[in-house]
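S.K.: The following file, start.cif, comprises mmCIF, C-alpha atoms:
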data_query
loop_
_atom_site.label_atom_id
_atom_site.label_comp_id
_atom_site.auth_asym_id
_atom_site.auth_seq_id
_atom_site.Cartn_x
_atom_site.Cartn_y
_atom_site.Cartn_z
CA MET A 1 131.69 104.87 97.55
CA VAL A 2 131.48 103.03 100.88
CA GLN A 3 127.99 101.69 101.64
CA THR A 4 126.11 99.91 104.39
CA ASP A 5 125.91 96.14 103.98
CA ARG A 6 122.13 95.60 103.86
CA LEU A 7 120.51 98.64 102.26
CA GLY A 8 123.53 100.05 100.42
CA LEU A 9 123.14 103.40 102.15
CA PRO A 10 126.03 105.76 101.41
CA LEU A 11 128.45 106.28 104.27
CA ILE A 12 130.25 109.55 104.92
CA ALA A 13 134.01 109.19 104.49
CA ALA A 14 136.44 110.82 106.87
CA GLY A 15 137.40 114.26 105.59
CA GLN A 16 134.73 114.16 102.87
CA ALA A 17 133.62 117.48 101.42
CA LYS A 18 129.87 118.13 101.02
CA LYS A 19 128.87 115.51 103.58
CA GLU A 20 125.27 116.70 103.34
CA VAL A 21 124.99 115.24 99.81
CA THR A 22 125.86 111.75 101.04
CA HIS A 23 123.69 112.11 104.12
CA ASN A 24 120.70 113.35 102.10
CA GLU A 25 121.03 110.48 99.60
CA GLY A 26 120.88 108.02 102.49
CA LEU A 27 117.76 109.71 103.87
CA MET A 28 116.06 109.63 100.45
CA THR A 29 116.80 105.90 100.20
CA LEU A 30 115.36 105.27 103.65
CA ASP A 31 112.31 107.36 102.76
CA LEU A 32 111.54 104.99 99.87
CA VAL A 33 112.20 101.62 101.54
CA VAL A 34 110.96 102.05 105.11
CA GLN A 35 107.24 101.25 105.16
CA ALA A 36 107.55 100.92 101.38
CA SER A 37 104.57 101.45 99.12
CA ALA A 38 104.54 101.23 95.32
CA GLU A 39 101.91 102.61 92.97
CA SER A 40 102.18 99.56 90.69
CA ALA A 41 104.36 96.59 89.78
CA ASP A 42 103.22 96.48 86.16
CA LEU A 43 104.55 99.66 84.53
CA ALA A 44 107.50 99.52 82.15
CA VAL A 45 107.35 103.19 81.16
CA PRO A 46 107.87 105.93 83.76
CA PRO A 47 104.77 107.99 84.51
CA ALA A 48 104.67 111.42 82.88
CA ALA A 49 104.13 113.44 86.06
CA PRO A 50 105.16 111.52 89.19
CA SER A 51 104.92 113.14 92.60
CA ALA A 52 107.88 113.22 94.96
CA GLY A 53 107.80 110.12 97.15
CA GLN A 54 105.95 107.91 94.69
CA CYS A 55 107.55 104.55 93.94
CA TRP A 56 107.09 101.75 91.38
CA ILE A 57 108.42 98.24 90.90
CA VAL A 58 109.75 98.52 87.34
CA GLY A 59 108.07 96.01 85.01
CA SER A 60 109.73 93.95 82.27
CA GLY A 61 110.57 95.68 79.00
CA ALA A 62 111.39 98.94 80.76
CA SER A 63 112.01 101.98 78.59
CA GLY A 64 112.72 105.67 78.84
CA ALA A 65 114.33 106.71 82.11
CA TRP A 66 113.69 103.17 83.40
CA THR A 67 115.66 101.35 80.67
CA GLY A 68 117.66 98.48 82.19
CA GLN A 69 115.97 98.80 85.59
CA GLU A 70 113.52 95.85 85.43
CA GLY A 71 112.58 94.56 88.88
CA VAL A 72 114.13 97.42 90.84
CA LEU A 73 112.28 100.04 92.85
CA ALA A 74 112.05 103.37 91.04
CA GLY A 75 111.30 106.24 93.36
CA TRP A 76 110.69 109.80 92.26
CA THR A 77 112.50 112.32 94.46
CA SER A 78 113.00 116.07 94.30
CA ALA A 79 116.34 115.25 92.64
CA GLY A 80 114.88 112.85 90.01
CA TRP A 81 114.67 109.06 89.79
CA LEU A 82 116.30 107.01 92.54
CA PHE A 83 116.68 103.29 91.72
CA LEU A 84 117.03 100.73 94.51
CA THR A 85 117.98 97.11 93.91
CA PRO A 86 115.83 94.93 96.19
CA ARG A 87 117.24 92.23 98.43
CA ALA A 88 115.68 88.87 99.25
CA GLY A 89 112.92 89.28 101.82
CA TRP A 90 111.88 92.83 100.92
CA ARG A 91 108.13 93.40 101.11
CA ILE A 92 106.26 96.30 99.57
CA TRP A 93 102.59 97.29 99.50
CA VAL A 94 101.42 97.65 95.89
CA GLN A 95 98.54 100.12 95.63
CA ASP A 96 96.90 98.92 92.41
CA ARG A 97 96.94 95.29 93.59
CA GLN A 98 95.92 96.09 97.16
CA ASN A 99 98.32 93.51 98.58
CA LEU A 100 101.95 93.01 99.47
CA PHE A 101 104.64 91.92 97.04
CA VAL A 102 107.64 89.89 98.21
CA PHE A 103 111.10 89.75 96.62
CA ASP A 104 112.70 86.27 96.74
CA GLY A 105 116.14 87.36 95.57
CA VAL A 106 115.25 86.95 91.88
CA ASP A 107 111.64 88.01 91.26
CA TRP A 108 108.77 89.90 92.86
CA SER A 109 105.54 88.00 93.51
CA ASP A 110 102.22 88.57 95.23
CA ASP A 111 102.27 87.76 98.93
CA PRO A 112 100.29 84.59 99.69
CA VAL A 113 98.04 86.47 102.15
CA ARG A 114 95.56 88.67 100.28
CA ALA A 115 92.21 90.26 101.03
CA ASP A 116 90.32 87.47 99.25
CA GLY A 117 92.19 84.55 100.80
CA TYR A 118 95.43 82.67 101.21
CA TYR A 119 97.32 81.43 98.14
CA GLN A 120 99.79 78.59 97.59
CA ALA A 121 101.64 78.37 94.25
CA GLY A 122 99.22 80.97 92.85
CA VAL A 123 96.12 78.94 93.78
CA ARG A 124 93.71 80.21 96.41
CA VAL A 125 93.49 77.53 99.10
CA LEU A 126 91.57 79.52 101.70
CA GLY A 127 88.87 82.04 100.92
CA VAL A 128 86.44 84.25 102.74
CA GLN A 129 84.32 82.68 105.46
CA GLN A 130 81.31 80.79 104.13
CA PRO A 131 77.87 80.66 105.76
CA ALA A 132 77.23 78.23 108.59
CA ILE A 133 76.17 74.65 107.83
CA ALA A 134 73.11 73.51 109.75
CA THR A 135 73.58 70.56 112.08
CA PRO A 136 71.39 67.57 111.13
CA SER A 137 68.67 66.87 113.67
CA GLY A 138 65.85 64.40 114.11
CA GLY A 139 65.89 60.69 113.63
CA ALA A 140 63.48 59.69 110.91
CA VAL A 141 65.41 61.08 107.95
CA GLN A 142 69.01 60.70 109.13
CA ASP A 143 70.36 59.48 105.80
CA SER A 144 69.03 62.40 103.77
CA GLU A 145 70.07 64.94 106.44
CA ALA A 146 73.55 63.41 106.54
CA ARG A 147 73.82 63.68 102.75
CA VAL A 148 72.75 67.34 102.87
CA ALA A 149 75.30 68.06 105.63
CA LEU A 150 78.10 66.26 103.78
CA ALA A 151 77.26 68.08 100.53
CA ALA A 152 77.36 71.39 102.38
CA ILE A 153 80.72 70.55 103.98
CA LEU A 154 82.17 69.54 100.60
CA GLY A 155 80.80 72.76 99.08
CA VAL A 156 82.54 74.86 101.73
CA LEU A 157 85.82 72.96 101.32
CA ARG A 158 85.64 73.53 97.55
CA ALA A 159 84.78 77.21 98.00
CA HIS A 160 87.82 77.62 100.25
CA GLY A 161 90.00 75.86 97.72
CA LEU A 162 90.94 73.13 100.19
CA ILE A 163 89.72 70.44 97.79
CA ALA A 164 89.33 70.58 94.03
CA SER A 165 85.93 71.03 92.43
#
Let me see the file written as structure tokens.

M.R.:
Amino acid sequence: MVQTDRLGLPLIAAGQAKKEVTHNEGLMTLDLVVQASAESADLAVPPAAPSAGQCWIVGSGASGAWTGQEGVLAGWTSAGWLFLTPRAGWRIWVQDRQNLFVFDGVDWSDDPVRADGYYQAGVRVLGVQQPAIATPSGGAVQDSEARVALAAILGVLRAHGLIAS
């Protein structure tokens, strides 16, 4: 079968009978990957009663109808399971994680930007905004006020993950 280069969509061949089958398969593929959303990236066993349009990133140790499909997108369609092999750069919203997943060409991983902060190498380095730090004032107790301000700044930097605790 002749396919498109990037998404592997089926192309209709000249003189092909039942062109609608090829065309419909291409539309089902697009329906799963455009504005993609997966229910989970942790299941290895297909759900018992999926709804048409639901999609999963197949987890390791896949079994049942998903045997041998680890890491691919499994979408339930009116015609059954449709498996799509991801390409480097694909991004998909994962419902049970409430963040994006990114495919690097080998594995899926959580996107570094998440609701609770920004991550580098799996470590949160920027978190939610912390409360304001009061500006030292006065002149008689400068040293103690400076220490309080510095401690507050260090506390915020630690809370954001910008320096280690």

S.K.: Using all atoms listed in the file, which of the listed residues (A:Trp90, A:Trp108, A:Phe103, A:Phe83) sits closest to A:Asp42?

M.R.: A:Trp108

S.K.: For stretch 10-22 of chain A, I'd like the enclosing box, axis-aligned and padded by 3 Å on every side, reported as lines of an AutoDock Vina configuration file with centre and edge lengths in Å to one decimal.

M.R.:
center_x = 131.2
center_y = 111.9
center_z = 103.3
size_x = 18.4
size_y = 18.4
size_z = 13.1

S.K.: Find the residues near stretch 46-54 of chain A: any atom within 8 Å, counting all atoms listed in the file, skip ones fewer than 3 places away on the same chain, and give them as a PyMOL selection string.

M.R.: chain A and resi 31-32+37-39+43+63-66+75-78

S.K.: With the PyMOL selection byres ((chain A and resi 27) around 12) as the selection, what would be picked from this file? Answer as a list in words, please.

M.R.: Leu7, Gly8, Leu9, Pro10, Leu11, Glu20, Val21, Thr22, His23, Asn24, Glu25, Gly26, Met28, Thr29, Leu30, Asp31, Leu32, Val33, Val34, Thr77 and Leu82 of chain A

S.K.: One decimal, in Å: what's the spacing between atom CA of A:Asp111 and atom CA of A:Asn99?

M.R.: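 We find that atom CA of A:Asp111 and atom CA of A:Asn99 lie 7.0 Å from each other.
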
S.K.: For the provided coordinates, the residues matched by the PyMOL selection byres ((chain A and resi 157) around 12) should be stated as a ChimeraX atom specification.

M.R.: /A:124-131,133,150-156,158-165

S.K.: Restricting the calculation to only C-alpha atoms: of A:Gln16, A:Pro86, A:Trp56, A:Arg147, which residue gets closest to A:Met1?

M.R.: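 Among the listed residues, the smallest separation from A:Met1 belongs to A:Gln16.
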
S.K.: Fix up stretch 120-133 of chain A with N, CA, C and O atoms, then write it as a PDB file, in the frame of the given file.

M.R.:
ATOM      1  N   GLN A 120      98.606  79.435  97.664  1.00  0.00           N
ATOM      2  CA  GLN A 120      99.790  78.590  97.590  1.00  0.00           C
ATOM      3  C   GLN A 120     100.045  78.298  96.118  1.00  0.00           C
ATOM      4  O   GLN A 120      99.147  77.842  95.414  1.00  0.00           O
ATOM      5  N   ALA A 121     101.257  78.589  95.648  1.00  0.00           N
ATOM      6  CA  ALA A 121     101.640  78.370  94.250  1.00  0.00           C
ATOM      7  C   ALA A 121     100.629  79.037  93.303  1.00  0.00           C
ATOM      8  O   ALA A 121     100.277  78.488  92.270  1.00  0.00           O
ATOM      9  N   GLY A 122     100.141  80.216  93.693  1.00  0.00           N
ATOM     10  CA  GLY A 122      99.220  80.970  92.850  1.00  0.00           C
ATOM     11  C   GLY A 122      97.777  80.499  92.891  1.00  0.00           C
ATOM     12  O   GLY A 122      96.923  81.052  92.214  1.00  0.00           O
ATOM     13  N   VAL A 123      97.481  79.475  93.686  1.00  0.00           N
ATOM     14  CA  VAL A 123      96.120  78.940  93.780  1.00  0.00           C
ATOM     15  C   VAL A 123      95.551  79.293  95.149  1.00  0.00           C
ATOM     16  O   VAL A 123      96.180  79.045  96.177  1.00  0.00           O
ATOM     17  N   ARG A 124      94.347  79.877  95.134  1.00  0.00           N
ATOM     18  CA  ARG A 124      93.710  80.210  96.410  1.00  0.00           C
ATOM     19  C   ARG A 124      93.307  78.932  97.116  1.00  0.00           C
ATOM     20  O   ARG A 124      92.563  78.111  96.574  1.00  0.00           O
ATOM     21  N   VAL A 125      93.805  78.727  98.338  1.00  0.00           N
ATOM     22  CA  VAL A 125      93.490  77.530  99.100  1.00  0.00           C
ATOM     23  C   VAL A 125      92.641  77.852 100.330  1.00  0.00           C
ATOM     24  O   VAL A 125      92.180  76.945 101.012  1.00  0.00           O
ATOM     25  N   LEU A 126      92.431  79.120 100.607  1.00  0.00           N
ATOM     26  CA  LEU A 126      91.570  79.520 101.700  1.00  0.00           C
ATOM     27  C   LEU A 126      90.912  80.824 101.313  1.00  0.00           C
ATOM     28  O   LEU A 126      91.587  81.774 100.916  1.00  0.00           O
ATOM     29  N   GLY A 127      89.604  80.852 101.345  1.00  0.00           N
ATOM     30  CA  GLY A 127      88.870  82.040 100.920  1.00  0.00           C
ATOM     31  C   GLY A 127      88.152  82.703 102.071  1.00  0.00           C
ATOM     32  O   GLY A 127      88.421  82.423 103.243  1.00  0.00           O
ATOM     33  N   VAL A 128      87.221  83.566 101.726  1.00  0.00           N
ATOM     34  CA  VAL A 128      86.440  84.250 102.740  1.00  0.00           C
ATOM     35  C   VAL A 128      85.525  83.263 103.451  1.00  0.00           C
ATOM     36  O   VAL A 128      85.171  82.216 102.899  1.00  0.00           O
ATOM     37  N   GLN A 129      85.149  83.585 104.670  1.00  0.00           N
ATOM     38  CA  GLN A 129      84.320  82.680 105.460  1.00  0.00           C
ATOM     39  C   GLN A 129      82.980  82.446 104.769  1.00  0.00           C
ATOM     40  O   GLN A 129      82.343  83.382 104.282  1.00  0.00           O
ATOM     41  N   GLN A 130      82.574  81.200 104.737  1.00  0.00           N
ATOM     42  CA  GLN A 130      81.310  80.790 104.130  1.00  0.00           C
ATOM     43  C   GLN A 130      80.226  80.761 105.194  1.00  0.00           C
ATOM     44  O   GLN A 130      80.509  80.723 106.389  1.00  0.00           O
ATOM     45  N   PRO A 131      78.951  80.720 104.774  1.00  0.00           N
ATOM     46  CA  PRO A 131      77.870  80.660 105.760  1.00  0.00           C
ATOM     47  C   PRO A 131      77.911  79.366 106.570  1.00  0.00           C
ATOM     48  O   PRO A 131      78.492  78.370 106.140  1.00  0.00           O
ATOM     49  N   ALA A 132      77.280  79.409 107.712  1.00  0.00           N
ATOM     50  CA  ALA A 132      77.230  78.230 108.590  1.00  0.00           C
ATOM     51  C   ALA A 132      76.484  77.087 107.916  1.00  0.00           C
ATOM     52  O   ALA A 132      75.610  77.299 107.073  1.00  0.00           O
ATOM     53  N   ILE A 133      76.852  75.863 108.307  1.00  0.00           N
ATOM     54  CA  ILE A 133      76.170  74.650 107.830  1.00  0.00           C
ATOM     55  C   ILE A 133      75.297  74.157 108.983  1.00  0.00           C
ATOM     56  O   ILE A 133      75.782  73.972 110.101  1.00  0.00           O
TER      57      ILE A 133
END
